[in-house]
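Engineer: Here you go, this is model_31.cif (mmCIF, C-alpha atoms).
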```
data_protein
#
loop_
_atom_site.label_atom_id
_atom_site.label_comp_id
_atom_site.auth_asym_id
_atom_site.auth_seq_id
_atom_site.Cartn_x
_atom_site.Cartn_y
_atom_site.Cartn_z
CA MET B 1 -37.21 -7.08 6.45
CA ARG B 2 -34.74 -4.37 5.72
CA ARG B 3 -34.71 -0.64 6.09
CA VAL B 4 -33.41 0.99 2.94
CA ALA B 5 -32.36 4.65 2.78
CA VAL B 6 -32.91 6.59 -0.44
CA VAL B 7 -30.63 9.62 -0.60
CA ARG B 8 -32.14 12.80 -1.98
CA PHE B 9 -29.81 15.31 -3.58
CA PRO B 10 -30.92 18.63 -5.06
CA GLY B 11 -31.85 17.50 -8.56
CA SER B 12 -32.63 13.85 -7.78
CA ASN B 13 -35.75 12.86 -9.68
CA CYS B 14 -36.11 9.09 -9.36
CA GLU B 15 -36.27 8.90 -5.58
CA GLU B 16 -40.04 8.41 -5.33
CA ASP B 17 -40.07 5.57 -7.85
CA THR B 18 -37.18 4.01 -5.97
CA PHE B 19 -38.93 4.46 -2.62
CA ARG B 20 -42.04 2.72 -3.92
CA ALA B 21 -40.07 -0.09 -5.55
CA ILE B 22 -38.43 -0.80 -2.21
CA GLU B 23 -41.80 -0.89 -0.46
CA ARG B 24 -43.32 -3.05 -3.18
CA ALA B 25 -40.51 -5.55 -2.64
CA GLY B 26 -41.48 -5.79 1.01
CA ALA B 27 -38.74 -3.71 2.62
CA GLU B 28 -39.06 -0.46 4.56
CA ALA B 29 -37.94 2.69 2.76
CA CYS B 30 -36.87 6.04 4.19
CA TYR B 31 -35.46 9.23 2.73
CA VAL B 32 -32.14 10.72 3.72
CA TRP B 33 -31.37 14.33 2.76
CA HIS B 34 -28.01 15.16 1.22
CA ARG B 35 -27.15 17.40 4.18
CA ASP B 36 -27.80 14.65 6.72
CA ALA B 37 -24.81 13.31 8.54
CA ASP B 38 -26.11 9.78 9.04
CA LEU B 39 -28.12 7.13 7.24
CA ALA B 40 -31.01 6.86 9.70
CA GLY B 41 -30.05 3.38 10.79
CA ALA B 42 -30.58 1.90 7.34
CA ASP B 43 -29.43 -1.60 6.37
CA ALA B 44 -28.85 -0.55 2.78
CA VAL B 45 -28.56 2.68 0.80
CA ILE B 46 -29.68 3.60 -2.69
CA LEU B 47 -28.45 6.68 -4.56
CA PRO B 48 -31.26 7.35 -7.03
CA GLY B 49 -31.23 8.71 -10.55
CA GLY B 50 -31.60 12.33 -11.53
CA PHE B 51 -29.43 15.33 -12.18
CA SER B 52 -27.88 16.15 -8.84
CA TYR B 53 -26.60 19.73 -8.79
CA GLY B 54 -27.71 20.09 -12.39
CA ASP B 55 -24.85 17.84 -13.56
CA TYR B 56 -22.66 20.94 -13.16
CA LEU B 57 -18.96 20.41 -13.87
CA ARG B 58 -19.47 16.63 -14.37
CA SER B 59 -22.37 14.33 -13.54
CA GLY B 60 -22.05 13.43 -9.86
CA ALA B 61 -18.95 15.56 -9.28
CA ILE B 62 -20.56 17.97 -6.80
CA ALA B 63 -22.91 15.50 -5.12
CA ARG B 64 -20.01 13.35 -4.03
CA PHE B 65 -18.98 16.10 -1.62
CA SER B 66 -22.41 16.30 0.02
CA PRO B 67 -22.27 15.78 3.79
CA VAL B 68 -24.24 12.54 3.51
CA MET B 69 -21.59 11.04 1.24
CA ALA B 70 -19.14 10.80 4.15
CA ALA B 71 -21.67 8.54 5.86
CA VAL B 72 -22.19 6.58 2.63
CA GLN B 73 -18.41 6.12 2.28
CA ASP B 74 -18.13 4.82 5.85
CA PHE B 75 -21.13 2.56 5.37
CA ALA B 76 -19.76 1.17 2.09
CA ARG B 77 -16.29 0.59 3.54
CA ALA B 78 -17.87 -1.34 6.42
CA GLY B 79 -19.51 -3.67 3.91
CA GLY B 80 -22.95 -2.10 3.80
CA PRO B 81 -24.93 -2.62 0.59
CA VAL B 82 -25.01 0.49 -1.61
CA LEU B 83 -26.71 0.72 -4.99
CA GLY B 84 -26.26 3.67 -7.34
CA ILE B 85 -28.76 3.93 -10.17
CA CYS B 86 -27.86 6.15 -13.16
CA ASN B 87 -26.84 9.45 -11.52
CA GLY B 88 -26.21 7.38 -8.39
CA PHE B 89 -23.73 5.27 -10.37
CA GLN B 90 -22.05 8.45 -11.60
CA ILE B 91 -21.78 9.69 -8.00
CA LEU B 92 -20.26 6.38 -6.81
CA CYS B 93 -17.60 6.62 -9.55
CA GLU B 94 -16.84 10.25 -8.72
CA ALA B 95 -16.58 9.29 -5.05
CA GLY B 96 -14.07 6.58 -5.86
CA LEU B 97 -16.32 3.84 -4.46
CA LEU B 98 -16.43 2.30 -7.94
CA PRO B 99 -13.75 2.55 -10.66
CA GLY B 100 -14.11 4.28 -14.01
CA ALA B 101 -16.33 7.13 -15.14
CA LEU B 102 -19.53 7.75 -17.09
CA LEU B 103 -18.95 10.00 -20.10
CA ARG B 104 -21.12 11.61 -22.76
CA ASN B 105 -22.94 8.98 -24.83
CA ALA B 106 -21.12 8.05 -28.02
CA GLY B 107 -24.04 9.26 -30.16
CA LEU B 108 -24.31 12.48 -28.09
CA ALA B 109 -28.05 11.82 -27.74
CA PHE B 110 -29.86 11.65 -24.44
CA THR B 111 -30.96 8.03 -24.65
CA SER B 112 -34.29 7.10 -23.08
CA ARG B 113 -35.57 3.69 -24.06
CA PRO B 114 -35.72 0.10 -22.87
CA VAL B 115 -32.59 -1.97 -23.41
CA ARG B 116 -31.84 -5.63 -22.91
CA CYS B 117 -29.16 -6.51 -20.37
CA ARG B 118 -27.75 -9.74 -19.05
CA VAL B 119 -27.28 -10.23 -15.32
CA GLU B 120 -23.65 -11.34 -15.19
CA HIS B 121 -23.19 -11.37 -11.42
CA ALA B 122 -26.01 -12.70 -9.26
CA GLY B 123 -23.93 -12.68 -6.09
CA THR B 124 -24.52 -9.07 -5.06
CA PRO B 125 -27.12 -7.97 -2.48
CA PHE B 126 -29.07 -6.39 -5.36
CA THR B 127 -29.02 -9.24 -7.88
CA SER B 128 -29.34 -12.39 -5.78
CA ALA B 129 -32.95 -12.89 -6.93
CA PHE B 130 -31.74 -13.50 -10.49
CA GLU B 131 -30.27 -16.58 -12.05
CA PRO B 132 -26.87 -15.71 -13.55
CA GLY B 133 -27.31 -15.05 -17.25
CA THR B 134 -30.89 -13.83 -16.93
CA VAL B 135 -31.77 -11.33 -19.64
CA VAL B 136 -33.75 -8.36 -18.35
CA ARG B 137 -35.35 -5.47 -20.17
CA LEU B 138 -34.81 -2.18 -18.36
CA PRO B 139 -35.11 1.48 -19.34
CA VAL B 140 -32.03 3.65 -19.69
CA ALA B 141 -32.41 7.42 -19.50
CA ASN B 142 -29.14 9.31 -19.61
CA GLY B 143 -26.86 11.63 -21.53
CA ASP B 144 -23.67 10.64 -19.73
CA GLY B 145 -23.98 6.87 -19.64
CA ARG B 146 -20.91 5.64 -21.48
CA PHE B 147 -18.89 3.61 -19.01
CA THR B 148 -15.17 4.22 -19.45
CA ALA B 149 -12.10 2.94 -17.66
CA ASP B 150 -8.52 2.23 -18.64
CA PRO B 151 -7.86 -1.21 -20.17
CA ALA B 152 -6.16 -2.54 -17.03
CA THR B 153 -9.20 -1.62 -14.92
CA LEU B 154 -11.56 -3.19 -17.45
CA ASP B 155 -9.48 -6.38 -17.44
CA LEU B 156 -9.53 -6.44 -13.65
CA LEU B 157 -13.32 -5.99 -13.54
CA GLU B 158 -13.73 -8.87 -15.99
CA ALA B 159 -11.19 -11.12 -14.23
CA GLU B 160 -12.80 -10.57 -10.84
CA GLY B 161 -16.31 -11.08 -12.18
CA ARG B 162 -17.33 -7.57 -11.20
CA VAL B 163 -19.39 -6.80 -14.29
CA VAL B 164 -22.91 -7.01 -12.85
CA LEU B 165 -24.97 -6.05 -15.90
CA ARG B 166 -24.00 -6.13 -19.57
CA TYR B 167 -25.90 -4.60 -22.49
CA LEU B 168 -27.02 -6.96 -25.22
CA ASP B 169 -27.53 -3.94 -27.46
CA ASN B 170 -25.13 -1.31 -26.20
CA PRO B 171 -26.99 2.04 -26.40
CA ASN B 172 -24.14 4.46 -25.74
CA GLY B 173 -20.71 3.03 -26.54
CA SER B 174 -19.96 1.78 -23.03
CA ALA B 175 -16.67 -0.10 -22.81
CA ARG B 176 -17.19 -3.85 -23.19
CA ASP B 177 -20.97 -3.31 -23.15
CA ILE B 178 -20.82 -2.68 -19.41
CA ALA B 179 -24.09 -1.47 -17.89
CA GLY B 180 -23.22 -2.08 -14.25
CA ILE B 181 -20.29 -3.02 -12.02
CA CYS B 182 -19.58 -3.71 -8.37
CA SER B 183 -16.89 -3.28 -5.73
CA PRO B 184 -14.45 -6.15 -5.03
CA GLY B 185 -16.73 -7.46 -2.28
CA GLY B 186 -19.84 -7.07 -4.43
CA THR B 187 -21.63 -4.87 -1.90
CA VAL B 188 -21.32 -1.55 -3.76
CA VAL B 189 -23.13 -1.75 -7.09
CA GLY B 190 -23.64 0.85 -9.80
CA ILE B 191 -25.94 0.40 -12.79
CA MET B 192 -27.04 2.80 -15.51
CA PRO B 193 -30.47 1.26 -16.30
CA HIS B 194 -33.44 2.09 -14.07
CA PRO B 195 -34.95 -1.01 -12.42
CA GLU B 196 -37.28 1.21 -10.38
CA ARG B 197 -39.01 2.23 -13.61
CA ALA B 198 -39.72 -1.38 -14.50
CA ASP B 199 -40.74 -3.17 -11.34
CA HIS B 200 -44.42 -3.78 -12.02
CA SER B 201 -46.42 -5.07 -14.98
CA LEU B 202 -48.46 -1.84 -14.85
CA LEU B 203 -45.29 -0.05 -15.92
CA GLY B 204 -44.95 -2.32 -18.92
CA ALA B 205 -42.14 -4.41 -17.48
CA ALA B 206 -41.43 -6.03 -14.14
CA ASP B 207 -37.87 -7.19 -14.81
CA GLY B 208 -36.44 -4.60 -12.45
CA ALA B 209 -38.27 -5.88 -9.39
CA GLY B 210 -35.53 -8.43 -8.72
CA PHE B 211 -33.07 -5.71 -7.72
CA PHE B 212 -35.34 -4.76 -4.84
CA THR B 213 -36.62 -8.21 -3.87
CA SER B 214 -32.97 -9.32 -3.66
CA LEU B 215 -32.41 -6.67 -1.05
CA ALA B 216 -35.63 -7.34 0.83
CA ALA B 217 -34.77 -11.03 1.06
CA ALA B 218 -31.30 -10.44 2.51
CA PRO B 219 -30.90 -10.69 6.28
CA ALA B 220 -31.22 -7.41 8.17
CA GLY B 221 -28.59 -5.98 10.47
CA ALA B 222 -25.67 -5.66 8.05
CA PRO B 223 -23.04 -4.46 8.06
CA MET D 1 -3.22 39.15 -3.23
CA THR D 2 -5.76 37.67 -5.60
CA TYR D 3 -4.43 35.91 -8.67
CA ARG D 4 -6.49 35.26 -11.75
CA VAL D 5 -6.09 31.56 -12.51
CA HIS D 6 -7.15 29.92 -15.77
CA VAL D 7 -7.74 26.18 -15.71
CA ARG D 8 -8.22 24.21 -18.91
CA VAL D 9 -9.70 20.73 -18.57
CA ILE D 10 -9.44 18.52 -21.65
CA PRO D 11 -10.63 14.95 -22.26
CA ARG D 12 -7.62 12.68 -22.15
CA ALA D 13 -6.06 11.85 -25.51
CA GLY D 14 -7.12 8.44 -26.72
CA LEU D 15 -10.55 8.56 -25.09
CA LEU D 16 -13.51 8.91 -27.41
CA ASP D 17 -14.70 12.53 -27.38
CA PRO D 18 -18.02 12.55 -29.25
CA GLN D 19 -18.39 16.32 -28.77
CA GLY D 20 -15.02 16.86 -30.41
CA GLN D 21 -16.01 14.56 -33.26
CA ALA D 22 -19.29 16.41 -33.79
CA VAL D 23 -17.53 19.78 -33.85
CA GLU D 24 -14.90 18.42 -36.24
CA HIS D 25 -17.62 17.17 -38.54
CA ALA D 26 -19.46 20.50 -38.43
CA LEU D 27 -16.27 22.40 -39.24
CA GLY D 28 -15.78 20.13 -42.24
CA VAL D 29 -19.33 20.84 -43.40
CA LEU D 30 -18.59 24.59 -43.15
CA GLY D 31 -15.60 24.13 -45.45
CA PHE D 32 -12.82 24.27 -42.88
CA GLY D 33 -10.71 21.50 -44.32
CA GLY D 34 -7.73 19.86 -42.68
CA VAL D 35 -9.02 20.10 -39.10
CA ARG D 36 -8.04 17.08 -37.02
CA ASP D 37 -8.23 15.79 -33.45
CA VAL D 38 -10.79 18.27 -32.15
CA ARG D 39 -11.40 17.89 -28.44
CA VAL D 40 -13.94 19.81 -26.39
CA GLY D 41 -13.18 20.55 -22.76
CA LYS D 42 -13.85 23.24 -20.20
CA ALA D 43 -12.26 26.54 -19.26
CA ILE D 44 -12.58 27.52 -15.61
CA GLU D 45 -11.48 30.92 -14.27
CA LEU D 46 -10.75 31.41 -10.61
CA GLY D 47 -9.76 34.30 -8.38
CA VAL D 48 -7.36 32.73 -5.90
CA GLU D 49 -6.05 34.41 -2.75
CA ALA D 50 -2.40 33.41 -2.37
CA ASP D 51 0.99 34.72 -1.24
CA GLY D 52 2.44 34.41 -4.75
CA PRO D 53 1.83 32.96 -8.19
CA ALA D 54 3.48 29.67 -7.30
CA GLN D 55 1.16 29.25 -4.32
CA ALA D 56 -1.84 30.15 -6.47
CA ARG D 57 -0.79 27.52 -9.00
CA GLU D 58 -0.30 24.93 -6.26
CA ALA D 59 -3.75 25.67 -4.84
CA ALA D 60 -5.33 25.34 -8.30
CA ARG D 61 -3.53 22.05 -8.83
CA ALA D 62 -5.05 20.69 -5.61
CA MET D 63 -8.49 21.90 -6.74
CA CYS D 64 -8.05 20.12 -10.08
CA ASP D 65 -6.98 16.90 -8.40
CA ARG D 66 -9.96 16.91 -6.03
CA LEU D 67 -12.79 18.42 -8.04
CA LEU D 68 -12.19 20.39 -11.21
CA ALA D 69 -10.90 17.48 -13.31
CA ASN D 70 -11.69 13.78 -13.26
CA PRO D 71 -8.36 11.95 -12.91
CA VAL D 72 -9.81 8.96 -14.78
CA THR D 73 -10.72 10.77 -17.97
CA GLU D 74 -9.34 14.30 -18.06
CA ASP D 75 -6.07 16.23 -18.11
CA TYR D 76 -5.71 19.83 -17.03
CA GLU D 77 -3.46 22.84 -17.58
CA ILE D 78 -3.11 25.79 -15.22
CA GLU D 79 -2.13 29.35 -16.11
CA VAL D 80 -1.67 32.06 -13.48
CA GLU D 81 -1.90 35.71 -14.55
CA GLY D 82 0.70 38.19 -13.37
#
```
Kindly transcribe the structure held in the file into structure tokens.
Structural biologist:
Amino acid sequence: MRRVAVVRFPGSNCEEDTFRAIERAGAEACYVWHRDADLAGADAVILPGGFSYGDYLRSGAIARFSPVMAAVQDFARAGGPVLGICNGFQILCEAGLLPGALLRNAGLAFTSRPVRCRVEHAGTPFTSAFEPGTVVRLPVANGDGRFTADPATLDLLEAEGRVVLRYLDNPNGSARDIAGICSPGGTVVGIMPHPERADHSLLGAADGAGFFTSLAAAPAGAP
Amino acid sequence: MTYRVHVRVIPRAGLLDPQGQAVEHALGVLGFGGVRDVRVGKAIELGVEADGPAQAREAARAMCDRLLANPVTEDYEIEVEG
């Protein structure tokens, strides 16, 4: 059993779905406020989707300076599992915990629909429940979801096997169809699709449940 | 004294700028021919307390590096009034 902290920023809007997905997977969930200075003794942290600080300046640019992010940085650097979903992914990139950036979708449209993705890396704390190569159907819902990095960074991500999720039908022009990446150690993961919106058959798809059952199955006490 | 500082943040050349493309297309539709390489960025104006214009510029540069621009995808230009 693990205790998983869900960070709430002003403008987060997927935190309750995320909270329930964690509980449904059999782990304990708790909220952490963006002004908090610690992570309430959590074994893992999730930065949920939404529009923190109204996406002012750039998506995630202001949230990364929230007091709680200092604790998230320390936790991540110590090897603690951190997952950023959508806006959470944008925040992790802005914070420098993951490389690259999420830019305006190539078609300029806010894209909200299910997409098919392949799980490329099943060795992270959030994807261990999947067989490598599993195709999952997950909703995306973003305006700034186009993953971008310089060619050398993209090559490095590929060479080190750090592409976690890849679109089968790229919805937004993301470089090399990348939907999610991880840190060198695999413990910090960012994904644009929303597994918390597809973790139960009542929601029309349960493919996302694996991201949370992976975490619930991992041993507690890390890092 | 307070210096008026103008910061221009522009998507880095070579990166896809769909907003710029959309504006370029719209200009073409309006009959403005021969418009190329449109890029859409941000203009940010700041009142900066500093001992002189050079210090105001230096402060703005630090702000750009930490917050106002994304070093991965954007370039910036700084202009100090006075």
Engineer: Which residue gives the smallest distance to D:Ala22 among D:Met1, D:Leu67, D:Ile10, D:Val40, with all atoms listed in the file counted?
Structural biologist: D:Val40
Engineer: Mind telling me what the PyMOL selection byres ((chain D) within 12 of (chain B)) catches here, as an mmCIF file with C-alpha atoms, in the coordinates of the input?
Structural biologist:
```cif
data_model
loop_
_atom_site.group_PDB
_atom_site.id
_atom_site.type_symbol
_atom_site.label_atom_id
_atom_site.label_comp_id
_atom_site.auth_asym_id
_atom_site.auth_seq_id
_atom_site.Cartn_x
_atom_site.Cartn_y
_atom_site.Cartn_z
ATOM 1 C CA VAL D 9 -9.700 20.730 -18.570
ATOM 2 C CA PRO D 11 -10.630 14.950 -22.260
ATOM 3 C CA ARG D 12 -7.620 12.680 -22.150
ATOM 4 C CA GLY D 14 -7.120 8.440 -26.720
ATOM 5 C CA LEU D 15 -10.550 8.560 -25.090
ATOM 6 C CA LEU D 16 -13.510 8.910 -27.410
ATOM 7 C CA ASP D 17 -14.700 12.530 -27.380
ATOM 8 C CA PRO D 18 -18.020 12.550 -29.250
ATOM 9 C CA GLN D 19 -18.390 16.320 -28.770
ATOM 10 C CA GLY D 20 -15.020 16.860 -30.410
ATOM 11 C CA GLN D 21 -16.010 14.560 -33.260
ATOM 12 C CA ALA D 22 -19.290 16.410 -33.790
ATOM 13 C CA VAL D 23 -17.530 19.780 -33.850
ATOM 14 C CA VAL D 40 -13.940 19.810 -26.390
ATOM 15 C CA GLY D 41 -13.180 20.550 -22.760
ATOM 16 C CA LYS D 42 -13.850 23.240 -20.200
ATOM 17 C CA ALA D 43 -12.260 26.540 -19.260
ATOM 18 C CA ILE D 44 -12.580 27.520 -15.610
ATOM 19 C CA CYS D 64 -8.050 20.120 -10.080
ATOM 20 C CA ASP D 65 -6.980 16.900 -8.400
ATOM 21 C CA ARG D 66 -9.960 16.910 -6.030
ATOM 22 C CA LEU D 67 -12.790 18.420 -8.040
ATOM 23 C CA LEU D 68 -12.190 20.390 -11.210
ATOM 24 C CA ALA D 69 -10.900 17.480 -13.310
ATOM 25 C CA ASN D 70 -11.690 13.780 -13.260
ATOM 26 C CA PRO D 71 -8.360 11.950 -12.910
ATOM 27 C CA VAL D 72 -9.810 8.960 -14.780
ATOM 28 C CA THR D 73 -10.720 10.770 -17.970
ATOM 29 C CA GLU D 74 -9.340 14.300 -18.060
#
```
Engineer: For the structure shown, which residues end up in the PyMOL selection byres ((chain B and resi 27) around 8)? Put them as a PyMOL selection string, please?
Structural biologist: chain B and resi 1-4+22-26+28-29+215-216
Engineer: Next, the residues of the selection above should be written as a short mmCIF file (atom, residue, chain, number, x, y, z; two decimals), in the coordinates of the input with C-alpha atoms.
Structural biologist:
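again.cif written:
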```
data_model
loop_
_atom_site.label_atom_id
_atom_site.label_comp_id
_atom_site.auth_asym_id
_atom_site.auth_seq_id
_atom_site.Cartn_x
_atom_site.Cartn_y
_atom_site.Cartn_z
CA MET B 1 -37.21 -7.08 6.45
CA ARG B 2 -34.74 -4.37 5.72
CA ARG B 3 -34.71 -0.64 6.09
CA VAL B 4 -33.41 0.99 2.94
CA ILE B 22 -38.43 -0.80 -2.21
CA GLU B 23 -41.80 -0.89 -0.46
CA ARG B 24 -43.32 -3.05 -3.18
CA ALA B 25 -40.51 -5.55 -2.64
CA GLY B 26 -41.48 -5.79 1.01
CA GLU B 28 -39.06 -0.46 4.56
CA ALA B 29 -37.94 2.69 2.76
CA LEU B 215 -32.41 -6.67 -1.05
CA ALA B 216 -35.63 -7.34 0.83
#
```
Engineer: Enumerate, as a list in words, the residues matched when the PyMOL selection byres ((chain D and resi 50) around 12) is run on the file above.
Structural biologist: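 This file, filtered by the PyMOL selection byres ((chain D and resi 50) around 12), leaves Met1, Thr2, Tyr3, Arg4, Val5, Leu46, Gly47, Val48, Glu49, Asp51, Gly52, Pro53, Ala54, Gln55, Ala56, Arg57, Glu58, Ala59, Ala60 and Val80 of chain D.
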Engineer: What is the distance, in Å and to one decimal place, between atom CA of B:Val45 and atom CA of B:Ala5?
Structural biologist: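 About the pair atom CA of B:Val45 and atom CA of B:Ala5: they are 4.7 Å apart.
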Engineer: Nearest residue to B:Pro67 out of B:Ala122, B:Ala209, B:Ile191, B:Leu39, using only C-alpha atoms?
Structural biologist: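 Checking each candidate against B:Pro67, we get B:Leu39 as the closest.
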Engineer: For B:Pro219, which residue among B:Asp43, B:Met192, B:Gly180, B:Leu156 is the nearest when counting only C-alpha atoms?
Structural biologist: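 Ranked by minimum distance to B:Pro219, first place goes to B:Asp43.
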Engineer: What is the distance, in Å and to one decimal place, between atom CA of B:Gly145 and atom CA of B:Cys86?
Structural biologist: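 A separation of 7.6 Å between them.
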Engineer: Counting only C-alpha atoms, which residue out of B:Val68, B:Leu203, B:Val82, B:Ile181 sits closest to B:Glu120?
Structural biologist: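 When distances to B:Glu120 are compared using only C-alpha atoms, the smallest one comes from B:Ile181.
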Engineer: So what do you get for atom CA of B:Val140 versus atom CA of B:Val115, distance-wise?
Structural biologist: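 Computing the Euclidean distance for atom CA of B:Val140 and atom CA of B:Val115 yields 6.8 Å.
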Engineer: Looking at B:Pro10, B:Gly80, B:Pro125, B:Gly161, which one is nearest to B:Gly210, with distances taken over all atoms listed in the file?
Structural biologist: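 Closest to B:Gly210 of all the choices is B:Pro125.
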Engineer: Centre and edge lengths, as AutoDock Vina command-line options, for the axis-aligned box enclosing every listed atom of stretch 104-116 of chain B with 8 Å of padding on each of the six sides, in Å to one decimal?
Structural biologist:
```
--center_x -28.4 --center_y 3.4 --center_z -26.5 --size_x 30.6 --size_y 34.1 --size_z 23.4
```
Engineer: Enumerate, as a list in words, the protein, DNA and RNA residues whose atoms approach (-35.7, 0.7, -8.2) to within 7 Å, taking into account all atoms listed in the file and the coordinate frame of the file.
Structural biologist: Asp17, Thr18, Ala21, Ile22, His194, Pro195, Glu196, Arg197, Gly208, Phe211 and Phe212 of chain B
Engineer: From the options D:His6, D:Asp37, D:Ile78, D:Glu45, which residue's atoms come nearest to D:Arg61, counting only C-alpha atoms?
Structural biologist: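 The closest residue to D:Arg61 is D:Ile78.
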Engineer: Which residues are close to B:Ala76, i.e. within 12 Å by only C-alpha atoms, leaving aside same-chain residues fewer than 5 positions away? Reply as a list in words.
Structural biologist: Leu39, Asp43, Ala44, Val45, Ile46, Met69, Ala70, Ala71, Pro81, Val82, Leu83, Gly84, Leu92, Ala95, Gly96, Leu97, Leu98, Cys182, Ser183, Pro184, Gly185, Gly186, Thr187, Val188, Val189, Ala222 and Pro223 of chain B
Engineer: Output stretch 143-161 of chain B as a PDB file, keeping the file's coordinate frame, making sure N, CA and C atoms are there.
Structural biologist:
```
ATOM      1  N   GLY B 143     -27.710  11.007 -20.522  1.00  0.00           N
ATOM      2  CA  GLY B 143     -26.860  11.630 -21.530  1.00  0.00           C
ATOM      3  C   GLY B 143     -25.412  11.259 -21.334  1.00  0.00           C
ATOM      4  N   ASP B 144     -25.044  11.014 -20.071  1.00  0.00           N
ATOM      5  CA  ASP B 144     -23.670  10.640 -19.730  1.00  0.00           C
ATOM      6  C   ASP B 144     -23.680   9.215 -19.193  1.00  0.00           C
ATOM      7  N   GLY B 145     -23.845   8.260 -20.094  1.00  0.00           N
ATOM      8  CA  GLY B 145     -23.980   6.870 -19.640  1.00  0.00           C
ATOM      9  C   GLY B 145     -22.923   5.933 -20.160  1.00  0.00           C
ATOM     10  N   ARG B 146     -21.923   6.491 -20.823  1.00  0.00           N
ATOM     11  CA  ARG B 146     -20.910   5.640 -21.480  1.00  0.00           C
ATOM     12  C   ARG B 146     -19.821   5.285 -20.472  1.00  0.00           C
ATOM     13  N   PHE B 147     -19.871   4.040 -20.008  1.00  0.00           N
ATOM     14  CA  PHE B 147     -18.890   3.610 -19.010  1.00  0.00           C
ATOM     15  C   PHE B 147     -17.504   3.547 -19.644  1.00  0.00           C
ATOM     16  N   THR B 148     -16.536   4.136 -18.945  1.00  0.00           N
ATOM     17  CA  THR B 148     -15.170   4.220 -19.450  1.00  0.00           C
ATOM     18  C   THR B 148     -14.206   3.927 -18.316  1.00  0.00           C
ATOM     19  N   ALA B 149     -13.194   3.141 -18.605  1.00  0.00           N
ATOM     20  CA  ALA B 149     -12.100   2.940 -17.660  1.00  0.00           C
ATOM     21  C   ALA B 149     -10.891   2.530 -18.475  1.00  0.00           C
ATOM     22  N   ASP B 150      -9.699   2.619 -17.882  1.00  0.00           N
ATOM     23  CA  ASP B 150      -8.520   2.230 -18.640  1.00  0.00           C
ATOM     24  C   ASP B 150      -8.526   0.714 -18.830  1.00  0.00           C
ATOM     25  N   PRO B 151      -7.793   0.222 -19.850  1.00  0.00           N
ATOM     26  CA  PRO B 151      -7.860  -1.210 -20.170  1.00  0.00           C
ATOM     27  C   PRO B 151      -7.507  -2.121 -18.987  1.00  0.00           C
ATOM     28  N   ALA B 152      -6.551  -1.699 -18.168  1.00  0.00           N
ATOM     29  CA  ALA B 152      -6.160  -2.540 -17.030  1.00  0.00           C
ATOM     30  C   ALA B 152      -7.333  -2.674 -16.041  1.00  0.00           C
ATOM     31  N   THR B 153      -8.047  -1.578 -15.827  1.00  0.00           N
ATOM     32  CA  THR B 153      -9.200  -1.620 -14.920  1.00  0.00           C
ATOM     33  C   THR B 153     -10.308  -2.497 -15.489  1.00  0.00           C
ATOM     34  N   LEU B 154     -10.533  -2.361 -16.810  1.00  0.00           N
ATOM     35  CA  LEU B 154     -11.560  -3.190 -17.450  1.00  0.00           C
ATOM     36  C   LEU B 154     -11.197  -4.670 -17.323  1.00  0.00           C
ATOM     37  N   ASP B 155      -9.918  -4.989 -17.566  1.00  0.00           N
ATOM     38  CA  ASP B 155      -9.480  -6.380 -17.440  1.00  0.00           C
ATOM     39  C   ASP B 155      -9.682  -6.899 -16.023  1.00  0.00           C
ATOM     40  N   LEU B 156      -9.379  -6.039 -15.055  1.00  0.00           N
ATOM     41  CA  LEU B 156      -9.530  -6.440 -13.650  1.00  0.00           C
ATOM     42  C   LEU B 156     -11.005  -6.693 -13.324  1.00  0.00           C
ATOM     43  N   LEU B 157     -11.875  -5.810 -13.781  1.00  0.00           N
ATOM     44  CA  LEU B 157     -13.320  -5.990 -13.540  1.00  0.00           C
ATOM     45  C   LEU B 157     -13.797  -7.312 -14.120  1.00  0.00           C
ATOM     46  N   GLU B 158     -13.328  -7.615 -15.332  1.00  0.00           N
ATOM     47  CA  GLU B 158     -13.730  -8.870 -15.990  1.00  0.00           C
ATOM     48  C   GLU B 158     -13.163 -10.067 -15.212  1.00  0.00           C
ATOM     49  N   ALA B 159     -11.863  -9.978 -14.880  1.00  0.00           N
ATOM     50  CA  ALA B 159     -11.190 -11.120 -14.230  1.00  0.00           C
ATOM     51  C   ALA B 159     -11.805 -11.419 -12.871  1.00  0.00           C
ATOM     52  N   GLU B 160     -12.236 -10.372 -12.176  1.00  0.00           N
ATOM     53  CA  GLU B 160     -12.800 -10.570 -10.840  1.00  0.00           C
ATOM     54  C   GLU B 160     -14.311 -10.775 -10.866  1.00  0.00           C
ATOM     55  N   GLY B 161     -14.861 -10.844 -12.068  1.00  0.00           N
ATOM     56  CA  GLY B 161     -16.310 -11.080 -12.180  1.00  0.00           C
ATOM     57  C   GLY B 161     -17.144  -9.956 -11.639  1.00  0.00           C
TER      58      GLY B 161
END
```
